[in-house]
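Q: Pasting input_32.csv below, which is CSV, N, CA and C atoms.
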```
chain,number,residue,atom,x,y,z
P,24,MET,N,-6.7,-55.1,54.1
P,24,MET,CA,-5.7,-55.0,53.1
P,24,MET,C,-4.3,-55.2,53.7
P,25,VAL,N,-3.6,-56.3,53.2
P,25,VAL,CA,-2.3,-56.5,53.7
P,25,VAL,C,-1.3,-55.9,52.7
P,26,SER,N,-0.5,-55.0,53.1
P,26,SER,CA,0.5,-54.4,52.3
P,26,SER,C,1.6,-55.3,52.0
P,27,GLU,N,2.3,-55.1,50.8
P,27,GLU,CA,3.4,-56.0,50.4
P,27,GLU,C,4.6,-55.7,51.3
P,28,ASN,N,4.7,-54.6,52.0
P,28,ASN,CA,5.9,-54.3,52.8
P,28,ASN,C,5.7,-54.8,54.2
P,29,LEU,N,4.7,-55.6,54.5
P,29,LEU,CA,4.6,-56.1,55.9
P,29,LEU,C,5.2,-57.5,56.0
P,30,ILE,N,5.9,-57.7,57.1
P,30,ILE,CA,6.5,-59.0,57.4
P,30,ILE,C,5.8,-59.6,58.6
P,31,LEU,N,5.4,-60.8,58.5
P,31,LEU,CA,4.8,-61.5,59.6
P,31,LEU,C,5.9,-61.8,60.7
P,32,ILE,N,5.6,-61.4,61.9
P,32,ILE,CA,6.6,-61.5,63.0
P,32,ILE,C,7.0,-62.9,63.3
P,33,THR,N,6.0,-63.8,63.3
P,33,THR,CA,6.3,-65.2,63.5
P,33,THR,C,7.3,-65.8,62.5
P,34,HIS,N,7.1,-65.4,61.2
P,34,HIS,CA,7.9,-65.8,60.1
P,34,HIS,C,9.4,-65.2,60.3
P,35,TYR,N,9.4,-64.0,60.6
P,35,TYR,CA,10.8,-63.3,60.8
P,35,TYR,C,11.5,-64.0,62.0
P,36,CYS,N,10.8,-64.2,63.1
P,36,CYS,CA,11.4,-64.8,64.3
P,36,CYS,C,11.9,-66.2,64.1
P,37,GLU,N,11.1,-67.0,63.3
P,37,GLU,CA,11.5,-68.4,63.0
P,37,GLU,C,12.8,-68.4,62.1
P,38,ASN,N,12.9,-67.5,61.2
P,38,ASN,CA,14.0,-67.5,60.2
P,38,ASN,C,15.3,-66.8,60.8
P,39,THR,N,15.1,-66.0,61.9
P,39,THR,CA,16.3,-65.4,62.4
P,39,THR,C,16.6,-65.8,63.9
P,40,ASN,N,15.9,-66.8,64.4
P,40,ASN,CA,16.0,-67.3,65.7
P,40,ASN,C,15.9,-66.1,66.7
P,41,THR,N,15.0,-65.2,66.5
P,41,THR,CA,14.8,-64.1,67.4
P,41,THR,C,13.5,-64.4,68.2
P,42,PRO,N,13.6,-64.3,69.5
P,42,PRO,CA,12.4,-64.5,70.3
P,42,PRO,C,11.3,-63.5,70.0
P,43,GLU,N,10.1,-63.9,69.9
P,43,GLU,CA,9.0,-63.0,69.7
P,43,GLU,C,8.9,-61.9,70.8
P,44,GLU,N,9.2,-62.3,72.0
P,44,GLU,CA,9.2,-61.4,73.2
P,44,GLU,C,10.1,-60.2,73.0
P,45,PHE,N,11.2,-60.5,72.3
P,45,PHE,CA,12.1,-59.4,72.0
P,45,PHE,C,11.5,-58.3,71.1
P,46,ILE,N,10.8,-58.8,70.1
P,46,ILE,CA,10.1,-57.9,69.2
P,46,ILE,C,9.0,-57.1,69.9
P,47,TYR,N,8.3,-57.8,70.8
P,47,TYR,CA,7.2,-57.1,71.6
P,47,TYR,C,7.9,-56.1,72.5
P,48,SER,N,9.0,-56.4,73.1
P,48,SER,CA,9.7,-55.4,74.0
P,48,SER,C,10.2,-54.2,73.2
P,49,LEU,N,10.6,-54.4,72.0
P,49,LEU,CA,11.0,-53.2,71.1
P,49,LEU,C,9.8,-52.3,70.9
P,50,GLN,N,8.7,-52.9,70.7
P,50,GLN,CA,7.5,-52.2,70.5
P,50,GLN,C,7.1,-51.4,71.7
P,51,GLU,N,7.2,-52.0,72.9
P,51,GLU,CA,6.9,-51.4,74.2
P,51,GLU,C,7.8,-50.2,74.4
P,52,TYR,N,9.0,-50.3,74.0
P,52,TYR,CA,10.0,-49.2,74.2
P,52,TYR,C,9.8,-48.1,73.2
P,53,GLY,N,9.0,-48.4,72.2
P,53,GLY,CA,8.8,-47.4,71.1
P,53,GLY,C,9.8,-47.4,70.0
P,54,PHE,N,10.6,-48.4,69.9
P,54,PHE,CA,11.6,-48.5,68.9
P,54,PHE,C,11.0,-48.9,67.5
P,55,ILE,N,10.0,-49.7,67.6
P,55,ILE,CA,9.3,-50.1,66.3
P,55,ILE,C,7.8,-50.1,66.5
P,56,LYS,N,7.1,-50.2,65.4
P,56,LYS,CA,5.7,-50.3,65.5
P,56,LYS,C,5.2,-51.6,64.9
P,57,ILE,N,4.4,-52.3,65.5
P,57,ILE,CA,3.8,-53.5,65.0
P,57,ILE,C,2.4,-53.3,64.7
P,58,GLN,N,1.9,-54.1,63.7
P,58,GLN,CA,0.5,-54.0,63.3
P,58,GLN,C,-0.2,-55.3,63.4
P,59,ARG,N,-1.4,-55.3,64.0
P,59,ARG,CA,-2.2,-56.5,64.1
P,59,ARG,C,-3.3,-56.5,63.0
P,60,ILE,N,-3.2,-57.5,62.1
P,60,ILE,CA,-4.2,-57.6,61.0
P,60,ILE,C,-4.8,-59.0,61.2
P,61,ASP,N,-6.1,-59.1,61.4
P,61,ASP,CA,-6.8,-60.3,61.7
P,61,ASP,C,-6.2,-60.9,62.9
P,62,ASN,N,-5.7,-62.1,62.9
P,62,ASN,CA,-5.0,-62.7,64.1
P,62,ASN,C,-3.5,-62.7,63.9
P,63,ASN,N,-3.0,-62.0,63.0
P,63,ASN,CA,-1.6,-62.0,62.7
P,63,ASN,C,-0.9,-60.7,63.1
P,64,ILE,N,0.3,-60.7,63.5
P,64,ILE,CA,1.0,-59.5,63.9
P,64,ILE,C,2.2,-59.3,62.9
P,65,TYR,N,2.2,-58.1,62.4
P,65,TYR,CA,3.2,-57.8,61.3
P,65,TYR,C,4.1,-56.6,61.7
P,66,VAL,N,5.2,-56.5,61.1
P,66,VAL,CA,6.1,-55.3,61.2
P,66,VAL,C,6.4,-54.8,59.8
P,67,GLU,N,6.5,-53.5,59.6
P,67,GLU,CA,6.8,-53.0,58.2
P,67,GLU,C,8.3,-53.4,57.9
P,68,SER,N,8.5,-53.6,56.7
P,68,SER,CA,9.9,-54.1,56.3
P,68,SER,C,11.0,-53.1,56.7
P,69,HIS,N,10.7,-51.8,56.7
P,69,HIS,CA,11.8,-50.9,57.1
P,69,HIS,C,12.1,-51.0,58.6
P,70,GLU,N,11.3,-51.6,59.4
P,70,GLU,CA,11.5,-51.7,60.8
P,70,GLU,C,12.5,-52.9,61.0
P,71,ILE,N,12.8,-53.7,60.1
P,71,ILE,CA,13.7,-54.8,60.2
P,71,ILE,C,15.1,-54.3,60.5
P,72,VAL,N,15.5,-53.2,59.8
P,72,VAL,CA,16.8,-52.6,60.0
P,72,VAL,C,16.9,-52.2,61.5
P,73,GLU,N,15.9,-51.6,62.0
P,73,GLU,CA,16.0,-51.2,63.4
P,73,GLU,C,16.0,-52.4,64.4
P,74,ILE,N,15.3,-53.4,64.1
P,74,ILE,CA,15.3,-54.6,64.9
P,74,ILE,C,16.7,-55.2,64.9
P,75,GLU,N,17.3,-55.3,63.7
P,75,GLU,CA,18.7,-55.9,63.6
P,75,GLU,C,19.7,-55.0,64.3
P,76,ARG,N,19.6,-53.7,64.2
P,76,ARG,CA,20.5,-52.8,64.8
P,76,ARG,C,20.5,-52.9,66.3
P,77,ILE,N,19.3,-52.9,66.9
P,77,ILE,CA,19.1,-53.1,68.3
P,77,ILE,C,19.6,-54.4,68.8
P,78,SER,N,19.3,-55.4,68.0
P,78,SER,CA,19.7,-56.8,68.4
P,78,SER,C,21.2,-56.9,68.4
P,79,ARG,N,21.9,-56.2,67.5
P,79,ARG,CA,23.4,-56.2,67.5
P,79,ARG,C,23.9,-55.5,68.7
P,80,LEU,N,23.3,-54.4,69.1
P,80,LEU,CA,23.8,-53.6,70.3
P,80,LEU,C,23.6,-54.5,71.5
P,81,LYS,N,22.4,-55.2,71.6
P,81,LYS,CA,22.1,-56.0,72.7
P,81,LYS,C,23.1,-57.2,72.8
P,82,ASN,N,23.3,-57.9,71.7
P,82,ASN,CA,24.2,-59.1,71.7
P,82,ASN,C,25.7,-58.8,71.7
P,83,GLU,N,26.1,-57.9,70.9
P,83,GLU,CA,27.6,-57.7,70.8
P,83,GLU,C,28.1,-56.8,71.9
P,84,LEU,N,27.4,-55.8,72.4
P,84,LEU,CA,27.8,-54.9,73.4
P,84,LEU,C,27.3,-55.3,74.8
P,85,GLY,N,26.3,-56.2,74.8
P,85,GLY,CA,25.8,-56.6,76.1
P,85,GLY,C,24.9,-55.5,76.8
P,86,ILE,N,24.3,-54.6,75.9
P,86,ILE,CA,23.5,-53.5,76.4
P,86,ILE,C,22.0,-54.0,76.5
P,87,ASN,N,21.4,-53.8,77.6
P,87,ASN,CA,20.0,-54.2,77.7
P,87,ASN,C,19.1,-53.1,77.1
P,88,LEU,N,17.8,-53.3,77.0
P,88,LEU,CA,16.9,-52.4,76.3
P,88,LEU,C,16.8,-51.1,77.0
P,89,GLU,N,17.0,-51.1,78.3
P,89,GLU,CA,17.0,-49.8,79.1
P,89,GLU,C,18.2,-48.9,78.7
P,90,GLY,N,19.3,-49.6,78.5
P,90,GLY,CA,20.6,-48.9,78.1
P,90,GLY,C,20.4,-48.4,76.7
P,91,ILE,N,19.9,-49.2,75.8
P,91,ILE,CA,19.7,-48.8,74.4
P,91,ILE,C,18.7,-47.6,74.3
P,92,ASP,N,17.7,-47.7,75.2
P,92,ASP,CA,16.7,-46.6,75.2
P,92,ASP,C,17.4,-45.3,75.6
P,93,ALA,N,18.3,-45.3,76.6
P,93,ALA,CA,19.1,-44.2,77.0
P,93,ALA,C,20.0,-43.7,75.9
P,94,LEU,N,20.7,-44.6,75.2
P,94,LEU,CA,21.5,-44.2,74.1
P,94,LEU,C,20.7,-43.5,73.0
P,95,TYR,N,19.6,-44.1,72.7
P,95,TYR,CA,18.7,-43.4,71.6
P,95,TYR,C,18.3,-42.0,72.0
P,96,HIS,N,18.0,-41.8,73.3
P,96,HIS,CA,17.6,-40.5,73.7
P,96,HIS,C,18.8,-39.5,73.6
P,97,MET,N,20.0,-40.0,73.9
P,97,MET,CA,21.2,-39.2,73.8
P,97,MET,C,21.5,-38.9,72.4
P,98,ILE,N,21.4,-39.9,71.5
P,98,ILE,CA,21.6,-39.7,70.1
P,98,ILE,C,20.7,-38.7,69.5
P,99,LYS,N,19.4,-38.8,69.8
P,99,LYS,CA,18.4,-37.8,69.4
P,99,LYS,C,18.7,-36.4,69.8
P,100,LYS,N,19.1,-36.3,71.1
P,100,LYS,CA,19.5,-35.0,71.6
P,100,LYS,C,20.7,-34.4,70.9
P,101,ILE,N,21.7,-35.2,70.7
P,101,ILE,CA,22.9,-34.7,70.0
P,101,ILE,C,22.5,-34.3,68.5
P,102,SER,N,21.7,-35.1,67.9
P,102,SER,CA,21.3,-34.8,66.5
P,102,SER,C,20.5,-33.5,66.5
P,103,TYR,N,19.6,-33.3,67.5
P,103,TYR,CA,18.9,-32.0,67.6
P,103,TYR,C,19.8,-30.8,67.8
P,104,LEU,N,20.8,-31.0,68.7
P,104,LEU,CA,21.8,-29.9,69.0
P,104,LEU,C,22.7,-29.6,67.8
P,105,GLU,N,23.1,-30.7,67.0
P,105,GLU,CA,23.9,-30.5,65.8
P,105,GLU,C,23.1,-29.7,64.8
P,106,ASN,N,21.8,-30.0,64.6
P,106,ASN,CA,20.9,-29.3,63.7
P,106,ASN,C,20.8,-27.9,64.1
P,107,GLU,N,20.6,-27.6,65.4
P,107,GLU,CA,20.5,-26.2,65.9
P,107,GLU,C,21.8,-25.4,65.6
P,108,LEU,N,22.9,-26.1,65.9
P,108,LEU,CA,24.2,-25.4,65.6
P,108,LEU,C,24.4,-25.1,64.1
P,109,ARG,N,24.0,-26.0,63.3
P,109,ARG,CA,24.1,-25.8,61.8
P,109,ARG,C,23.2,-24.6,61.4
P,110,ASN,N,22.0,-24.6,61.9
P,110,ASN,CA,21.0,-23.5,61.6
P,110,ASN,C,21.6,-22.2,62.1
P,111,THR,N,22.2,-22.2,63.3
P,111,THR,CA,22.7,-20.9,63.8
P,111,THR,C,23.9,-20.4,63.0
P,112,LYS,N,24.8,-21.4,62.6
P,112,LYS,CA,25.9,-21.0,61.8
P,112,LYS,C,25.4,-20.4,60.4
P,113,ASN,N,24.4,-21.0,59.9
P,113,ASN,CA,23.9,-20.5,58.6
P,113,ASN,C,23.3,-19.1,58.7
P,114,ARG,N,22.6,-18.9,59.8
P,114,ARG,CA,22.0,-17.5,60.1
P,114,ARG,C,23.1,-16.5,60.3
P,115,LEU,N,24.2,-16.9,60.9
P,115,LEU,CA,25.3,-16.0,61.2
P,115,LEU,C,26.1,-15.6,60.0
P,116,LYS,N,26.0,-16.5,59.0
P,116,LYS,CA,26.8,-16.2,57.7
P,116,LYS,C,26.4,-15.0,57.0
P,117,ILE,N,25.1,-14.5,57.2
P,117,ILE,CA,24.7,-13.3,56.6
P,117,ILE,C,25.4,-12.1,57.1
P,118,TYR,N,26.1,-12.2,58.3
P,118,TYR,CA,26.8,-11.0,58.9
P,118,TYR,C,28.3,-11.0,58.5
P,119,GLU,N,28.7,-12.1,57.8
P,119,GLU,CA,30.1,-12.2,57.4
P,119,GLU,C,30.3,-11.4,56.1
P,120,PRO,N,31.5,-10.7,56.0
P,120,PRO,CA,31.7,-9.9,54.8
P,120,PRO,C,32.0,-10.8,53.6
```
Could you express the structure from this file as structure tokens?
A:
Amino acid sequence: MVSENLILITHYCENTNTPEEFIYSLQEYGFIKIQRIDNNIYVESHEIVEIERISRLKNELGINLEGIDALYHMIKKISYLENELRNTKNRLKIYEP
């Protein structure tokens, strides 16, 4: 069963002049998930946003995938810490008059 929200990678790469190897590299780093159905390889449509975001970082800022991976880990850590801080502040509010 092929879902309507799947995009054929070869079709996407042809229309955007994106090398297929780049897509496979993103999958290897864990940025996106690809699906193999029959002999075709697909990506879910919501993954296109991530592909384009990483492509812009790579092209405009000259950051390689290792650097992007490091940035993503730092962003995730900051997000986690912000969430923890927000939760702590909310818990402390019960002690305010």
Q: What is the atom CA of P:Pro120 to atom N of P:Leu104 distance in Å?
A: 27.5 Å
Q: Atom C of P:Arg76 and atom N of P:Asn62 are how many Å apart?
A: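 Atom N of P:Asn62 lies at a distance of 28.0 Å from atom C of P:Arg76.
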Q: How far is it from atom CA of P:Asn87 to atom CA of P:Glu105, in Å with one decimal?
A: 26.8 Å
Q: Taking the DSSP assignment computed from this structure's backbone, write out as a list in words all residues of chain P that belong to strand (DSSP E).
A: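 The strand (DSSP E) subset of chain P is Leu29, Ile30, Leu31, Ile57, Gln58, Arg59, Ile60, Asn63, Ile64, Tyr65, Val66 and Glu67 of chain P.
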Q: Any chance you could export the current selection's N, CA and C atoms as an mmCIF file, in the frame of the given file?
A:
```cif
data_model
loop_
_atom_site.group_PDB
_atom_site.id
_atom_site.type_symbol
_atom_site.label_atom_id
_atom_site.label_comp_id
_atom_site.auth_asym_id
_atom_site.auth_seq_id
_atom_site.Cartn_x
_atom_site.Cartn_y
_atom_site.Cartn_z
ATOM 1 N N LEU P 29 4.700 -55.600 54.500
ATOM 2 C CA LEU P 29 4.600 -56.100 55.900
ATOM 3 C C LEU P 29 5.200 -57.500 56.000
ATOM 4 N N ILE P 30 5.900 -57.700 57.100
ATOM 5 C CA ILE P 30 6.500 -59.000 57.400
ATOM 6 C C ILE P 30 5.800 -59.600 58.600
ATOM 7 N N LEU P 31 5.400 -60.800 58.500
ATOM 8 C CA LEU P 31 4.800 -61.500 59.600
ATOM 9 C C LEU P 31 5.900 -61.800 60.700
ATOM 10 N N ILE P 57 4.400 -52.300 65.500
ATOM 11 C CA ILE P 57 3.800 -53.500 65.000
ATOM 12 C C ILE P 57 2.400 -53.300 64.700
ATOM 13 N N GLN P 58 1.900 -54.100 63.700
ATOM 14 C CA GLN P 58 0.500 -54.000 63.300
ATOM 15 C C GLN P 58 -0.200 -55.300 63.400
ATOM 16 N N ARG P 59 -1.400 -55.300 64.000
ATOM 17 C CA ARG P 59 -2.200 -56.500 64.100
ATOM 18 C C ARG P 59 -3.300 -56.500 63.000
ATOM 19 N N ILE P 60 -3.200 -57.500 62.100
ATOM 20 C CA ILE P 60 -4.200 -57.600 61.000
ATOM 21 C C ILE P 60 -4.800 -59.000 61.200
ATOM 22 N N ASN P 63 -3.000 -62.000 63.000
ATOM 23 C CA ASN P 63 -1.600 -62.000 62.700
ATOM 24 C C ASN P 63 -0.900 -60.700 63.100
ATOM 25 N N ILE P 64 0.300 -60.700 63.500
ATOM 26 C CA ILE P 64 1.000 -59.500 63.900
ATOM 27 C C ILE P 64 2.200 -59.300 62.900
ATOM 28 N N TYR P 65 2.200 -58.100 62.400
ATOM 29 C CA TYR P 65 3.200 -57.800 61.300
ATOM 30 C C TYR P 65 4.100 -56.600 61.700
ATOM 31 N N VAL P 66 5.200 -56.500 61.100
ATOM 32 C CA VAL P 66 6.100 -55.300 61.200
ATOM 33 C C VAL P 66 6.400 -54.800 59.800
ATOM 34 N N GLU P 67 6.500 -53.500 59.600
ATOM 35 C CA GLU P 67 6.800 -53.000 58.200
ATOM 36 C C GLU P 67 8.300 -53.400 57.900
#
```
Q: If we count only C-alpha atoms, what is near P:Gly53 at a cut-off of 12 Å, once residues fewer than 6 positions away on the same chain are taken out, given as number ranges by chain?
A: P: 46-47, 70, 73-74, 88-89, 91-92, 95-96
Q: For P:Thr33, which of P:Tyr103, P:Tyr65, P:Phe54, P:Phe45 is the closest residue, counting all atoms listed in the file?
A: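 Smallest distance to P:Thr33 is found for P:Tyr65.
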Q: Looking only at helix (DSSP H, G or I) from DSSP on the backbone, list the matching residues of chain P as a ChimeraX atom specification.
A: /P:32-39,43-51,70-84,88-118
Q: With distances taken over only C-alpha atoms, which residue among P:Leu84, P:Ile32, P:Ile77, P:Leu94 lies nearest P:Glu44?
A: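 Result for the nearest residue to P:Glu44: P:Ile32.
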